[in-house]
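Structure data (compact mmCIF, C-alpha atoms) from run_27.txt:
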# COMPACT_ATOMS: atom_id res chain seq x y z
CA MET R 512 155.19 31.98 110.49
CA ASP R 513 156.73 33.40 107.33
CA ILE R 514 155.68 31.68 104.11
CA ARG R 515 158.58 29.78 102.53
CA LEU R 516 156.71 27.69 99.95
CA ILE R 517 153.83 28.60 97.65
CA ALA R 518 152.05 25.63 96.04
CA LEU R 519 150.04 26.65 93.01
CA ASP R 520 147.35 24.87 91.10
CA MET R 521 147.43 25.92 87.44
CA ASP R 522 144.08 25.67 85.59
CA GLY R 523 141.43 27.92 87.07
CA THR R 524 143.86 29.26 89.67
CA THR R 525 147.19 30.66 88.49
CA LEU R 526 146.17 30.56 84.81
CA ASN R 527 143.43 32.90 83.63
CA ASN R 528 140.62 31.72 81.40
CA GLU R 529 142.88 32.16 78.37
CA GLY R 530 145.38 29.71 79.89
CA ARG R 531 147.95 32.41 80.63
CA ILE R 532 149.73 33.73 83.73
CA SER R 533 148.94 37.43 83.96
CA ASP R 534 151.68 40.01 84.31
CA THR R 535 150.36 40.80 87.80
CA ASN R 536 150.58 37.18 88.94
CA ARG R 537 153.98 36.75 87.30
CA SER R 538 155.37 39.86 88.99
CA ALA R 539 154.13 38.75 92.42
CA LEU R 540 155.65 35.28 91.98
CA GLU R 541 159.00 36.69 90.90
CA ARG R 542 159.08 39.13 93.82
CA ALA R 543 158.25 36.33 96.27
CA ALA R 544 161.06 34.21 94.81
CA GLU R 545 163.49 37.09 95.28
CA MET R 546 162.57 36.96 98.98
CA GLY R 547 163.62 33.30 99.08
CA VAL R 548 160.15 31.77 98.79
CA ASN R 549 159.98 28.47 96.89
CA ILE R 550 157.38 28.56 94.09
CA VAL R 551 156.06 25.07 93.31
CA VAL R 552 153.57 24.07 90.60
CA ALA R 553 150.96 21.56 91.83
CA THR R 554 148.77 20.44 88.96
CA GLY R 555 146.67 17.60 87.62
CA ARG R 556 148.41 18.02 84.25
CA PRO R 557 151.20 15.62 83.27
CA ARG R 558 154.72 17.02 83.02
CA SER R 559 154.60 17.27 79.21
CA ALA R 560 151.51 19.50 79.37
CA LEU R 561 152.88 22.09 81.78
CA PRO R 562 151.98 25.57 80.49
CA LYS R 563 154.77 27.49 78.79
CA ASP R 564 154.05 30.54 80.97
CA ALA R 565 154.98 28.52 84.07
CA LEU R 566 158.08 27.02 82.47
CA ASP R 567 159.25 30.51 81.49
CA ILE R 568 159.36 31.68 85.12
CA GLU R 569 162.89 30.83 86.26
CA ALA R 570 161.84 30.93 89.89
CA ILE R 571 159.68 27.82 89.41
CA ARG R 572 162.11 24.93 89.85
CA TYR R 573 159.80 22.10 90.96
CA ALA R 574 156.56 20.80 89.48
CA LEU R 575 154.15 18.33 91.11
CA THR R 576 152.21 16.80 88.22
CA SER R 577 149.47 14.20 87.67
CA ASN R 578 147.92 15.22 91.00
CA GLY R 579 151.16 14.48 92.84
CA ALA R 580 152.13 11.22 91.15
CA ARG R 581 155.40 12.81 90.03
CA ILE R 582 157.72 15.58 91.19
CA THR R 583 160.11 16.95 88.58
CA ASP R 584 163.15 19.15 89.11
CA LEU R 585 162.61 21.39 86.10
CA ARG R 586 166.09 22.86 86.28
CA GLU R 587 167.79 19.48 86.04
CA GLY R 588 165.04 17.81 84.02
CA LYS R 589 164.73 14.77 86.26
CA THR R 590 162.11 13.02 88.36
CA ILE R 591 162.80 13.22 92.09
CA TYR R 592 159.64 11.50 93.39
CA GLU R 593 157.09 9.10 91.93
CA ASN R 594 153.86 7.65 93.32
CA CYS R 595 152.07 5.66 90.60
CA MET R 596 148.98 3.52 91.07
CA SER R 597 149.38 -0.20 91.71
CA PRO R 598 149.09 -2.67 88.82
CA LEU R 599 145.92 -3.99 90.47
CA THR R 600 144.34 -0.53 90.41
CA ALA R 601 145.19 -0.15 86.72
CA GLU R 602 143.77 -3.60 85.91
CA LYS R 603 140.53 -3.05 87.84
CA SER R 604 140.10 0.40 86.27
CA VAL R 605 140.31 -1.09 82.79
CA GLU R 606 137.95 -3.91 83.75
CA LEU R 607 135.34 -1.39 84.86
CA LEU R 608 135.78 1.25 82.14
CA ARG R 609 135.72 -1.14 79.16
CA ASP R 610 131.94 -1.40 79.58
CA TYR R 611 131.50 2.30 78.79
CA HIS R 612 132.31 4.62 75.92
CA TYR R 613 133.97 7.59 77.58
CA VAL R 614 137.03 9.42 76.31
CA ILE R 615 139.83 7.88 78.36
CA GLU R 616 143.37 9.18 78.87
CA CYS R 617 146.30 7.98 80.92
CA PHE R 618 149.58 9.53 82.01
CA VAL R 619 152.82 7.55 81.89
CA ASP R 620 156.29 8.97 82.61
CA GLY R 621 154.95 12.50 82.43
CA ILE R 622 153.26 12.05 79.03
CA ALA R 623 149.51 12.00 78.28
CA TYR R 624 148.03 9.33 76.01
CA ILE R 625 144.55 9.14 74.48
CA ASP R 626 142.59 6.72 72.33
CA GLY R 627 143.64 7.19 68.72
CA TRP R 628 140.08 7.09 67.37
CA TYR R 629 139.13 10.15 69.41
CA TYR R 630 142.33 12.04 68.66
CA GLU R 631 141.81 11.54 64.91
CA GLN R 632 138.16 12.54 65.19
CA VAL R 633 139.11 15.82 66.87
CA LYS R 634 141.92 16.39 64.38
CA ARG R 635 139.54 15.96 61.44
CA SER R 636 136.57 17.89 62.79
CA HIS R 637 138.27 20.42 65.08
CA GLU R 638 135.32 19.87 67.40
CA SER R 639 135.24 18.63 70.99
CA PHE R 640 133.51 19.39 74.27
CA ARG R 641 137.04 20.25 75.49
CA SER R 642 139.74 22.54 74.13
CA VAL R 643 140.66 21.22 70.68
CA SER R 644 144.11 22.83 70.71
CA TYR R 645 144.87 21.39 74.16
CA ILE R 646 143.99 17.86 73.02
CA LEU R 647 145.99 18.07 69.80
CA ASN R 648 149.03 19.71 71.42
CA THR R 649 149.28 17.68 74.64
CA ARG R 650 147.81 14.23 73.94
CA ASN R 651 149.53 11.33 72.17
CA PRO R 652 147.27 8.85 70.34
CA VAL R 653 147.52 5.08 70.86
CA ASP R 654 145.66 2.29 69.09
CA ASP R 655 143.79 1.09 72.17
CA ILE R 656 144.00 3.04 75.41
CA TYR R 657 142.99 0.04 77.55
CA ASP R 658 145.64 -2.24 76.05
CA PHE R 659 148.13 0.58 76.55
CA ILE R 660 147.21 0.94 80.23
CA LEU R 661 147.59 -2.79 80.80
CA ALA R 662 150.95 -2.84 79.02
CA HIS R 663 152.16 -0.07 81.37
CA ARG R 664 150.21 -1.13 84.47
CA SER R 665 153.18 -0.52 86.78
CA GLU R 666 153.80 3.01 85.46
CA ILE R 667 150.35 4.64 85.41
CA GLU R 668 150.32 8.03 87.11
CA ASN R 669 146.69 8.84 86.40
CA ILE R 670 143.66 7.66 84.42
CA ASN R 671 141.37 10.44 83.24
CA ILE R 672 137.70 9.89 82.32
CA ASN R 673 136.07 12.70 80.31
CA PHE R 674 132.30 13.21 80.19
CA GLU R 675 130.57 14.95 77.32
CA ASP R 676 127.38 14.63 79.38
CA ILE R 677 128.38 15.62 82.92
CA SER R 678 125.07 14.36 84.31
CA GLU R 679 126.65 10.88 84.04
CA LYS R 680 129.55 11.86 86.28
CA PRO R 681 128.02 11.26 89.78
CA ALA R 682 126.95 7.69 89.02
CA MET R 683 130.32 6.86 87.50
CA ARG R 684 132.09 8.32 90.51
CA GLU R 685 130.25 5.84 92.75
CA LYS R 686 131.38 2.98 90.51
CA LEU R 687 135.00 4.21 90.50
CA LEU R 688 135.00 4.24 94.30
CA THR R 689 134.83 0.43 94.19
CA ILE R 690 138.25 0.20 92.50
CA PRO R 691 140.79 -1.08 95.06
CA GLN R 692 143.72 1.07 96.18
CA ALA R 693 142.47 4.09 94.23
CA THR R 694 141.98 7.79 94.86
CA ILE R 695 139.15 9.40 92.89
CA THR R 696 139.20 13.14 92.29
CA SER R 697 138.41 15.78 89.67
CA SER R 698 140.15 18.79 88.12
CA PHE R 699 137.37 19.99 85.81
CA ASN R 700 133.58 19.82 85.59
CA HIS R 701 133.89 17.34 82.72
CA ASN R 702 136.26 14.79 84.27
CA LEU R 703 137.02 12.25 86.96
CA GLU R 704 140.54 11.05 87.70
CA ILE R 705 141.86 7.79 89.11
CA GLY R 706 145.12 7.90 91.04
CA GLY R 707 146.96 5.57 93.38
CA ALA R 708 145.95 4.80 96.96
CA THR R 709 148.15 7.58 98.43
CA THR R 710 148.51 9.79 95.37
CA SER R 711 147.58 13.42 96.02
CA LYS R 712 148.98 16.89 95.82
CA ALA R 713 149.17 16.79 99.63
CA ASP R 714 151.34 13.66 99.69
CA ALA R 715 153.73 15.12 97.10
CA LEU R 716 153.90 18.47 98.90
CA GLU R 717 154.81 16.76 102.16
CA HIS R 718 157.75 15.18 100.33
CA MET R 719 158.55 18.57 98.79
CA CYS R 720 158.61 20.18 102.24
CA GLY R 721 161.08 17.52 103.35
CA ILE R 722 163.32 18.14 100.35
CA LEU R 723 163.30 21.91 100.87
CA GLY R 724 163.43 21.87 104.67
CA VAL R 725 160.12 23.72 104.96
CA LYS R 726 157.49 23.16 107.64
CA LYS R 727 153.91 22.64 106.49
CA GLU R 728 152.98 25.68 108.56
CA GLN R 729 155.24 27.70 106.24
CA MET R 730 153.36 26.61 103.10
CA MET R 731 150.61 28.52 101.31
CA ALA R 732 148.55 26.50 98.82
CA VAL R 733 146.17 28.06 96.29
CA GLY R 734 143.54 26.11 94.34
CA ASP R 735 140.04 25.93 92.90
CA SER R 736 139.01 22.29 92.29
CA PRO R 737 138.36 19.11 94.32
CA ASN R 738 141.85 17.77 93.53
CA ASP R 739 143.22 20.77 95.46
CA ILE R 740 141.37 20.04 98.71
CA ALA R 741 143.98 17.65 100.10
CA MET R 742 146.84 20.12 99.63
CA LEU R 743 144.82 22.97 101.15
CA ARG R 744 144.20 20.82 104.21
CA VAL R 745 147.92 20.28 104.86
CA ALA R 746 149.00 23.86 104.12
CA GLY R 747 149.53 26.38 106.88
CA VAL R 748 147.74 28.96 104.74
CA PRO R 749 145.05 27.38 102.53
CA VAL R 750 143.68 29.76 99.88
CA ALA R 751 140.84 29.31 97.39
CA VAL R 752 140.36 31.63 94.45
CA GLY R 753 136.95 33.27 94.06
CA ASN R 754 135.90 30.96 91.23
CA ALA R 755 136.66 27.83 93.28
CA LYS R 756 134.10 25.13 93.97
CA ASP R 757 132.18 25.59 97.23
CA GLU R 758 133.78 22.49 98.76
CA VAL R 759 137.22 24.01 98.10
CA LYS R 760 136.25 27.34 99.64
CA ALA R 761 135.00 25.43 102.69
CA VAL R 762 138.54 24.25 103.59
CA ALA R 763 140.22 27.59 102.80
CA ALA R 764 141.30 30.12 105.41
CA TYR R 765 141.00 32.87 102.81
CA VAL R 766 139.08 33.29 99.56
CA ALA R 767 141.04 35.46 97.12
CA PRO R 768 139.67 37.12 93.98
CA THR R 769 139.09 34.89 90.95
CA ASN R 770 141.70 33.59 88.52
CA GLN R 771 140.58 36.36 86.16
CA GLU R 772 141.22 38.95 88.87
CA ASP R 773 144.78 37.90 89.82
CA GLY R 774 143.74 36.00 92.92
CA VAL R 775 147.21 34.43 93.27
CA ALA R 776 148.87 37.85 93.36
CA ASP R 777 146.31 39.03 95.93
CA ALA R 778 147.10 36.07 98.22
CA ILE R 779 150.84 36.67 97.86
CA GLU R 780 150.40 40.35 98.73
CA ARG R 781 148.38 39.44 101.82
CA PHE R 782 150.32 36.50 103.24
CA VAL R 783 153.86 36.83 101.85
CA PHE R 784 154.33 40.57 101.50
CA LYS R 785 151.84 41.10 104.39
CA LYS R 786 150.21 44.18 102.94
In structure tokens, how does this file's structure come out?
Amino acid sequence: MDIRLIALDMDGTTLNNEGRISDTNRSALERAAEMGVNIVVATGRPRSALPKDALDIEAIRYALTSNGARITDLREGKTIYENCMSPLTAEKSVELLRDYHYVIECFVDGIAYIDGWYYEQVKRSHESFRSVSYILNTRNPVDDIYDFILAHRSEIENININFEDISEKPAMREKLLTIPQATITSSFNHNLEIGGATTSKADALEHMCGILGVKKEQMMAVGDSPNDIAMLRVAGVPVAVGNAKDEVKAVAAYVAPTNQEDGVADAIERFVFKK
């Protein structure tokens, strides 16, 4: 079947290692849109942290953010779908995480919040195991992240745990799996993410297909990380970029070149333009 929807992960997939959309990828996306293909962002980022390069492409009208917890109509600037975690999930997450000293973030209403002590530390030192500019430009400091989560327990899209020592990640993942009504996934080597019981890029894309009148068989999804696996499994054409994790490549029908080698454009050429 002809592809009518392209679902794109951002970091490590559509964005190169400099956090930009290459001219080659941009041109392919714009040409696909001219053919009537819907271009949809599907990212773990909150709405407020969407990359400018994606927002500058007029063809991209819809964005699935926070791993599918929210769908935004970018043209009209409004939320058209929301799937936050339950208050119980938020409460149990805080109960578990308070015993540790990780850098915790949460997303509420499309905005990312972080513990103020860490934000100020990064601001002063300009040092972090993550991108300093990304933290300072996309995160909003609060006095106590756990109190903030509990105060907004009915509105939490995502809770993000960041590990300076990633060797601690597997054991923490096992602990997080005990949280009720939660989905545990990861976008980067250094993080784990808590979402709601049914929150995923796949769930949001199924709603997106209904809104656009597109069959899942007419969807191509492109990704690189574990949080992309669910959407690749529901897509008619699941694509992994060459730098994707092995478990992502395992569910892909095609492995494109890496994000540094315009893998998104390659997949569009092959499955949309059929060259």
Next on the checklist: as number ranges by chain, please: the residues near Gln729 (chain R) (cut-off 7 Å, all atoms listed in the file, same-chain neighbours under 4 positions excluded).
Outcome noted: R: 512-516, 725, 747
Next on the checklist: Residues near Asp520 (chain R), anyone? I mean within 6 Å using all atoms listed in the file, not counting same-chain ones fewer than 4 positions away, as a ChimeraX atom specification.
Outcome noted: /R:524,553-554,734
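If you count only C-alpha atoms and ignore residues fewer than 5 places along the chain from region 578-595 of chain R, what sits within 6 Å of it is Thr554, Gly555, Arg572, Tyr573, Ile667, Glu668, Gly707, Thr710, Ser711, Lys712 and Ala715 of chain R.
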Next on the checklist: So that I can check the surroundings of Glu545 (chain R), please list as a PyMOL selection string every protein, DNA and RNA residue that reaches within 12 Å of it, counting all atoms listed in the file and ignoring chain neighbours fewer than 3 positions away.
Outcome noted: chain R and resi 515+538-542+548-550+569-571+783-784
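Straight-line separation from CA of Val766 (chain R) to CA of Leu575 (chain R): 22.9 Å.
Among the candidates R:Leu607, R:Ala682, R:Val733, R:Ala746, the one nearest to Val759 (chain R) when counting only C-alpha atoms is R:Val733.
Straight-line separation from CA of Gly706 (chain R) to CA of Ile670 (chain R): 6.8 Å.
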Checklist outcome for this item: With distances taken over only C-alpha atoms, the candidate from R:Asn738, R:Asn770, R:Thr600, R:Asn527 nearest Glu666 (chain R) is R:Thr600
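Among the candidates R:Met731, R:Ala767, R:Met596, R:Ile705, the one nearest to Leu687 (chain R) when counting all atoms listed in the file is R:Ile705.
With distances restricted to all atoms listed in the file, R:Glu616 is the closest residue to Tyr629 (chain R) from R:Asp676, R:Asp610, R:Glu616, R:Asp773.
Residue nearest Gln692 (chain R) within the list R:Pro598, R:Pro562, R:Pro768, R:Pro737: R:Pro598 [criterion: smallest interatomic distance, only C-alpha atoms].
Nearest residue to Val745 (chain R) among R:Ala764, R:Leu716, R:Met683, R:Leu526 is R:Leu716, counting only C-alpha atoms.
Of note, CA of Phe618 (chain R) and CA of Ser577 (chain R) are spaced 7.3 Å apart.
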Padding of 6 Å on every side, edges along x, y and z, all listed atoms of region 669-675 of chain R included: what centre and edge lengths in Å, to one decimal, does that box have, as AutoDock Vina command-line options?
--center_x 138.6 --center_y 11.3 --center_z 81.9 --size_x 28.1 --size_y 19.3 --size_z 21.1
Checklist entry - Near Lys786 (chain R), counting all atoms listed in the file, which residues have an atom at most 12 Å away, once you skip same-chain residues fewer than 5 positions from it, shown as a ChimeraX atom specification? => result /R:776-781
